[in-house]
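Containing mmCIF, C-alpha atoms and all ligand atoms: target-v7.cif.
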data_my_file
#
loop_
_atom_site.label_atom_id
_atom_site.label_comp_id
_atom_site.auth_asym_id
_atom_site.auth_seq_id
_atom_site.Cartn_x
_atom_site.Cartn_y
_atom_site.Cartn_z
CA MET A 89 77.63 80.53 58.92
CA ARG A 90 80.40 82.34 60.72
CA ILE A 91 79.89 82.09 64.45
CA THR A 92 80.68 85.81 64.75
CA GLU A 93 77.51 86.75 62.86
CA THR A 94 75.57 86.68 66.11
CA LEU A 95 77.88 89.45 67.34
CA PHE A 96 76.83 91.66 64.42
CA GLU A 97 73.22 90.97 65.31
CA ARG A 98 73.88 91.95 68.90
CA ASN A 99 75.69 95.08 67.72
CA LYS A 100 72.68 96.20 65.63
CA TYR A 101 70.38 95.63 68.57
CA TRP A 102 72.70 97.58 70.90
CA ALA A 103 73.10 100.54 68.50
CA LYS A 104 69.29 100.68 68.07
CA LYS A 105 68.75 100.58 71.83
CA MET A 106 71.30 103.36 72.44
CA THR A 107 69.69 105.55 69.76
CA GLU A 108 66.25 105.01 71.30
CA ILE A 109 67.57 106.21 74.68
CA ASN A 110 69.37 109.20 73.16
CA PRO A 111 68.89 109.93 69.42
CA ASP A 112 72.02 112.15 69.41
CA PHE A 113 74.24 109.67 71.24
CA PHE A 114 76.39 108.57 68.31
CA SER A 115 76.49 111.95 66.55
CA GLN A 116 77.75 113.55 69.79
CA LEU A 117 80.36 110.82 70.32
CA HIS A 118 81.47 111.09 66.71
CA LYS A 119 82.47 114.73 67.18
CA GLN A 120 84.93 114.16 70.03
CA GLN A 121 85.86 112.05 73.03
CA THR A 122 86.27 113.78 76.38
CA PRO A 123 86.85 111.00 78.91
CA GLN A 124 87.63 112.03 82.47
CA TYR A 125 89.47 108.87 83.46
CA LEU A 126 92.19 106.53 82.25
CA TRP A 127 91.61 102.95 83.38
CA ILE A 128 94.53 100.53 83.51
CA GLY A 129 93.10 97.11 84.23
CA CYS A 130 93.34 93.38 83.65
CA SER A 131 92.27 91.79 80.35
CA ASP A 132 90.07 89.37 82.30
CA SER A 133 86.66 89.20 80.57
CA ARG A 134 84.90 89.55 83.92
CA VAL A 135 86.49 92.90 84.72
CA SER A 136 85.12 95.12 81.99
CA SER A 137 85.86 98.72 82.97
CA ASN A 138 82.78 100.45 81.51
CA GLU A 139 80.32 97.96 82.94
CA ILE A 140 81.64 97.75 86.49
CA ILE A 141 81.64 101.50 87.00
CA ASP A 142 78.55 101.95 84.89
CA LEU A 143 79.96 104.37 82.35
CA LEU A 144 78.94 104.86 78.74
CA PRO A 145 81.22 104.78 75.69
CA GLY A 146 83.21 108.03 75.61
CA GLU A 147 83.53 108.34 79.38
CA ILE A 148 86.65 106.31 80.09
CA PHE A 149 89.93 105.76 78.23
CA VAL A 150 91.16 102.21 78.69
CA HIS A 151 94.33 100.16 78.65
CA ARG A 152 94.12 96.50 79.64
CA ASN A 153 96.67 93.72 79.75
CA ILE A 154 97.20 90.52 81.70
CA ALA A 155 97.31 91.39 85.42
CA ASN A 156 97.24 95.19 84.88
CA VAL A 157 101.00 95.53 84.72
CA VAL A 158 102.75 98.81 83.88
CA VAL A 159 106.22 98.21 82.49
CA HIS A 160 108.57 101.10 81.75
CA THR A 161 109.53 99.69 78.35
CA ASP A 162 105.99 98.86 77.23
CA LEU A 163 105.46 101.39 74.43
CA ASN A 164 101.83 100.35 74.12
CA CYS A 165 100.97 101.22 77.71
CA LEU A 166 103.20 104.32 77.77
CA SER A 167 101.60 105.63 74.57
CA VAL A 168 98.15 105.22 76.11
CA ILE A 169 99.25 107.12 79.24
CA GLN A 170 100.88 109.87 77.18
CA TYR A 171 97.86 110.31 74.93
CA ALA A 172 95.55 110.31 77.94
CA VAL A 173 97.55 112.90 79.87
CA GLU A 174 98.92 115.15 77.14
CA VAL A 175 96.22 115.05 74.48
CA LEU A 176 92.98 114.15 76.25
CA ASN A 177 94.06 116.09 79.34
CA ILE A 178 92.85 113.35 81.66
CA LYS A 179 93.48 114.13 85.35
CA HIS A 180 92.62 110.79 86.94
CA ILE A 181 94.41 107.50 86.26
CA ILE A 182 92.96 104.39 87.89
CA VAL A 183 94.98 101.19 88.20
CA CYS A 184 92.44 98.49 88.94
CA GLY A 185 93.37 94.91 89.74
CA HIS A 186 91.06 92.14 90.83
CA TYR A 187 91.03 89.30 93.31
CA GLY A 188 91.32 85.88 91.74
CA CYS A 189 93.54 87.26 88.95
CA GLY A 190 94.79 84.36 86.82
CA GLY A 191 97.97 86.26 85.91
CA VAL A 192 98.86 86.84 89.56
CA LYS A 193 98.03 83.22 90.39
CA ALA A 194 100.22 81.94 87.57
CA ALA A 195 103.09 84.11 88.84
CA MET A 196 102.85 82.34 92.20
CA GLU A 197 103.25 78.92 90.61
CA THR A 198 106.34 77.15 89.37
CA LYS A 199 104.51 75.65 86.36
CA GLU A 200 105.59 76.69 82.87
CA HIS A 201 103.03 78.66 80.84
CA GLY A 202 105.08 79.55 77.76
CA LEU A 203 105.70 83.07 76.44
CA ILE A 204 103.50 84.65 79.08
CA ASP A 205 106.00 83.63 81.77
CA ASN A 206 108.14 86.56 80.64
CA TRP A 207 105.27 88.94 81.32
CA LEU A 208 104.52 87.30 84.66
CA ARG A 209 108.12 87.91 85.76
CA HIS A 210 107.02 91.46 86.57
CA ILE A 211 104.55 90.11 89.11
CA GLN A 212 107.19 87.81 90.51
CA ASP A 213 109.27 90.97 91.03
CA VAL A 214 106.38 92.39 93.06
CA HIS A 215 106.28 89.16 95.05
CA ARG A 216 110.00 89.45 95.75
CA MET A 217 109.67 93.09 96.86
CA HIS A 218 107.08 92.08 99.45
CA GLN A 219 108.51 88.65 100.22
CA MET A 220 108.72 89.12 103.99
CA GLU A 221 105.12 90.26 104.39
CA LEU A 222 103.80 87.57 102.04
CA ASP A 223 105.82 84.83 103.73
CA GLY A 224 104.14 85.83 107.00
CA ILE A 225 100.71 84.87 105.60
CA SER A 226 100.08 81.15 106.10
CA ASP A 227 96.74 80.85 104.29
CA GLU A 228 97.42 80.47 100.56
CA ASN A 229 94.24 82.24 99.54
CA ASP A 230 94.98 85.21 101.79
CA LYS A 231 98.49 85.35 100.36
CA PHE A 232 97.06 85.33 96.82
CA ARG A 233 94.68 88.18 97.70
CA LYS A 234 97.51 90.16 99.26
CA LEU A 235 99.70 89.72 96.18
CA CYS A 236 96.81 90.94 93.98
CA GLU A 237 96.69 94.09 96.16
CA LYS A 238 100.48 94.56 96.21
CA ASN A 239 100.54 94.22 92.44
CA VAL A 240 98.09 97.12 92.10
CA ILE A 241 100.12 99.28 94.47
CA GLU A 242 103.40 98.59 92.68
CA GLN A 243 101.80 99.32 89.30
CA VAL A 244 100.54 102.63 90.68
CA VAL A 245 104.16 103.40 91.61
CA ASN A 246 105.24 102.45 88.10
CA VAL A 247 102.65 104.83 86.61
CA CYS A 248 103.86 107.59 88.95
CA ASN A 249 107.45 107.01 87.90
CA THR A 250 106.79 107.23 84.16
CA THR A 251 108.39 110.21 82.47
CA ILE A 252 104.89 111.29 81.46
CA VAL A 253 103.50 111.58 85.00
CA GLN A 254 106.75 113.02 86.37
CA LYS A 255 106.69 115.68 83.64
CA ALA A 256 103.05 116.56 84.36
CA TRP A 257 103.81 116.95 88.08
CA ARG A 258 106.91 119.06 87.34
CA LYS A 259 104.67 121.37 85.33
CA GLN A 260 102.30 121.51 88.33
CA ASN A 261 99.54 119.91 86.28
CA GLU A 262 96.72 118.28 88.21
CA LEU A 263 97.10 114.49 87.85
CA THR A 264 96.13 111.85 90.41
CA ILE A 265 96.79 108.12 90.30
CA TYR A 266 94.53 105.72 92.22
CA GLY A 267 94.84 102.04 93.18
CA TRP A 268 91.65 99.96 93.31
CA ILE A 269 90.80 96.30 93.42
CA TYR A 270 87.67 94.55 92.22
CA SER A 271 85.94 91.49 93.60
CA ILE A 272 84.51 89.20 90.93
CA LYS A 273 82.56 87.42 93.69
CA ASN A 274 80.30 90.38 94.51
CA GLY A 275 81.00 93.00 91.83
CA ILE A 276 82.26 95.53 94.35
CA LEU A 277 85.31 97.77 93.98
CA LYS A 278 87.60 98.43 96.93
CA ASP A 279 89.76 101.51 97.29
CA LEU A 280 93.24 100.42 98.35
CA ASP A 281 93.74 103.82 99.96
CA VAL A 282 96.21 104.76 97.29
CA CYS A 283 95.78 108.24 95.90
CA VAL A 284 98.91 109.89 94.57
CA ALA A 285 98.76 113.48 93.37
CA ASP A 286 102.41 114.52 93.58
CA VAL A 287 105.93 113.41 94.55
CA GLN A 288 105.25 114.02 98.27
CA ASP A 289 102.23 111.70 98.10
CA LEU A 290 104.38 109.09 96.41
CA ASN A 291 106.94 109.27 99.22
CA SER A 292 104.36 109.01 101.99
CA MET A 293 102.64 106.14 100.18
CA ARG A 294 105.96 104.31 100.12
CA ASP A 295 106.16 104.56 103.91
CA LYS A 296 102.54 103.51 104.39
CA HIS A 297 102.58 100.52 102.09
CA THR A 298 106.14 99.38 102.88
CA LEU A 299 107.30 99.81 99.34
CA ARG A 300 110.88 99.40 98.29
CA PRO A 301 113.17 102.43 98.64
CA GLN A 302 113.01 104.73 95.62
CA ASN A 303 116.73 105.43 95.48
CA LEU A 304 118.21 101.98 95.66
CA GLU A 305 121.88 102.06 94.82
CA ILE A 306 122.37 99.62 92.02
CA SER A 307 125.83 98.18 91.53
CA ILE A 308 126.44 96.62 88.16
CO CO A 401 93.41 89.29 86.01
#
Can you turn what I pasted into structure tokens?
Ligand code: CO
Amino acid sequence: MRITETLFERNKYWAKKMTEINPDFFSQLHKQQTPQYLWIGCSDSRVSSNEIIDLLPGEIFVHRNIANVVVHTDLNCLSVIQYAVEVLNIKHIIVCGHYGCGGVKAAMETKEHGLIDNWLRHIQDVHRMHQMELDGISDENDKFRKLCEKNVIEQVVNVCNTTIVQKAWRKQNELTIYGWIYSIKNGILKDLDVCVADVQDLNSMRDKHTLRPQNLEISI
């Protein structure tokens, strides 16, 4: 017996339960999806977007990867953002990290982890950008928590700087990016006081959260 057969059993039970609650649930979903939010989160099995904000299928569009990183050359993530903004007309993008993130933790270590180390380099970049502040924190756990938060904030900036979001703002389209962090210990979300609705917001957020300058002169 394939071990996955139990998952099919669970699926049948779930579909039956959903139909009992709302007989039209699947026929309505089948017609179209109209999610209000795009969620960019960590792949961690404990941080399941729909469950933690108590939303049903069809209510949130989701992209997840290790440590909720937004990279400007990641066609997967960029395609999700483009589809969300330009096709689904989503006006709210949430970047949600979590405390105790294994990806962030691994980026703080010198141990080798294989291929994933290349992905974790992006978090090490975040660490480097906030080196002074992080070096000032003596407790290792507090430092880890702070890096989890900084990673969310920098990924919000990366979302804001995508051509997709910049284009939407140029066209005066309503589009807001939020930075949140989740605690696995108590199941509670925390707003990192990051809410970016235009270029002015992005600039003032940079001042508030001591982000790197936007117009660094790069000499090659
Ligand atoms: Co994680």
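Closest approach to ligand CO 401 (chain A) among A:Trp207, A:Phe114, A:Trp268, A:Tyr187 is made by A:Tyr187 (distances from only C-alpha atoms and all ligand atoms).
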At a cut-off of 8 Å around the point (103.1, 112.5, 86.2) (file coordinates), what residues fall inside when counting only C-alpha atoms? I'd like the answer as a count of residues only. 14
Selection near Val135 (chain A), 10 Å with only C-alpha atoms, sequence-local residues under 5 positions removed, as an mmCIF file with C-alpha atoms, keeping the file's coordinate frame:
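Result saved to selection-v9.cif:
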data_model
loop_
_atom_site.group_PDB
_atom_site.id
_atom_site.type_symbol
_atom_site.label_atom_id
_atom_site.label_comp_id
_atom_site.auth_asym_id
_atom_site.auth_seq_id
_atom_site.Cartn_x
_atom_site.Cartn_y
_atom_site.Cartn_z
ATOM 1 C CA GLY A 129 93.100 97.110 84.230
ATOM 2 C CA CYS A 130 93.340 93.380 83.650
ATOM 3 C CA ILE A 140 81.640 97.750 86.490
ATOM 4 C CA ARG A 152 94.120 96.500 79.640
ATOM 5 C CA CYS A 184 92.440 98.490 88.940
ATOM 6 C CA GLY A 185 93.370 94.910 89.740
ATOM 7 C CA HIS A 186 91.060 92.140 90.830
ATOM 8 C CA CYS A 189 93.540 87.260 88.950
ATOM 9 C CA TYR A 270 87.670 94.550 92.220
ATOM 10 C CA SER A 271 85.940 91.490 93.600
ATOM 11 C CA ILE A 272 84.510 89.200 90.930
ATOM 12 C CA GLY A 275 81.000 93.000 91.830
#
Cut-off 6 Å, only C-alpha atoms and all ligand atoms, neighbours of ligand CO 401 (chain A) as a count of residues only: 7
Return the single residue from A:Asn261, A:Gln243, A:Gln116, A:Gln121 that is closest to Cys165 (chain A), with distances computed using all atoms listed in the file. A:Gln243
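Take the candidates A:Asp142, A:Asp281, A:Glu197, A:Glu242 and check each one against Glu228 (chain A) using only C-alpha atoms; the shortest distance goes to A:Glu197.
Among the candidate residues A:Asn246, A:Asn177, A:Asn99, A:Thr161, the one lying nearest to Pro123 (chain A) is A:Asn177, with distances computed using all atoms listed in the file.
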Which of A:Val245, A:Val159, A:Ala103, A:Ile225 sits closest to Asp289 (chain A) [using all atoms listed in the file]: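 Selected residue with least distance to Asp289 (chain A): A:Val245.
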Measuring atom to atom with only C-alpha atoms, identify which of A:Gly202, A:Tyr266, A:Phe96, A:Val192 is nearest to Arg233 (chain A).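 Going through A:Gly202, A:Tyr266, A:Phe96, A:Val192 one by one, the smallest distance to Arg233 (chain A) is for A:Val192.
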Atomic separation - CA of Gln120 (chain A) relative to CA of Gly146 (chain A), Å: 8.5 Å
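Straight-line separation from CA of Thr107 (chain A) to CA of Ser131 (chain A): 28.5 Å.
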If I wrap all listed atoms of region 171-188 of chain A in a box with edges along x, y and z and add 3 Å on each side, what are its centre and edge lengths in Å to one decimal, as AutoDock Vina command-line options?
--center_x 95.0 --center_y 101.0 --center_z 83.9 --size_x 13.9 --size_y 36.2 --size_z 24.8
How far is it from CA of Val173 (chain A) to CA of Tyr125 (chain A), in Å with one decimal?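 So the answer is 9.7 Å.
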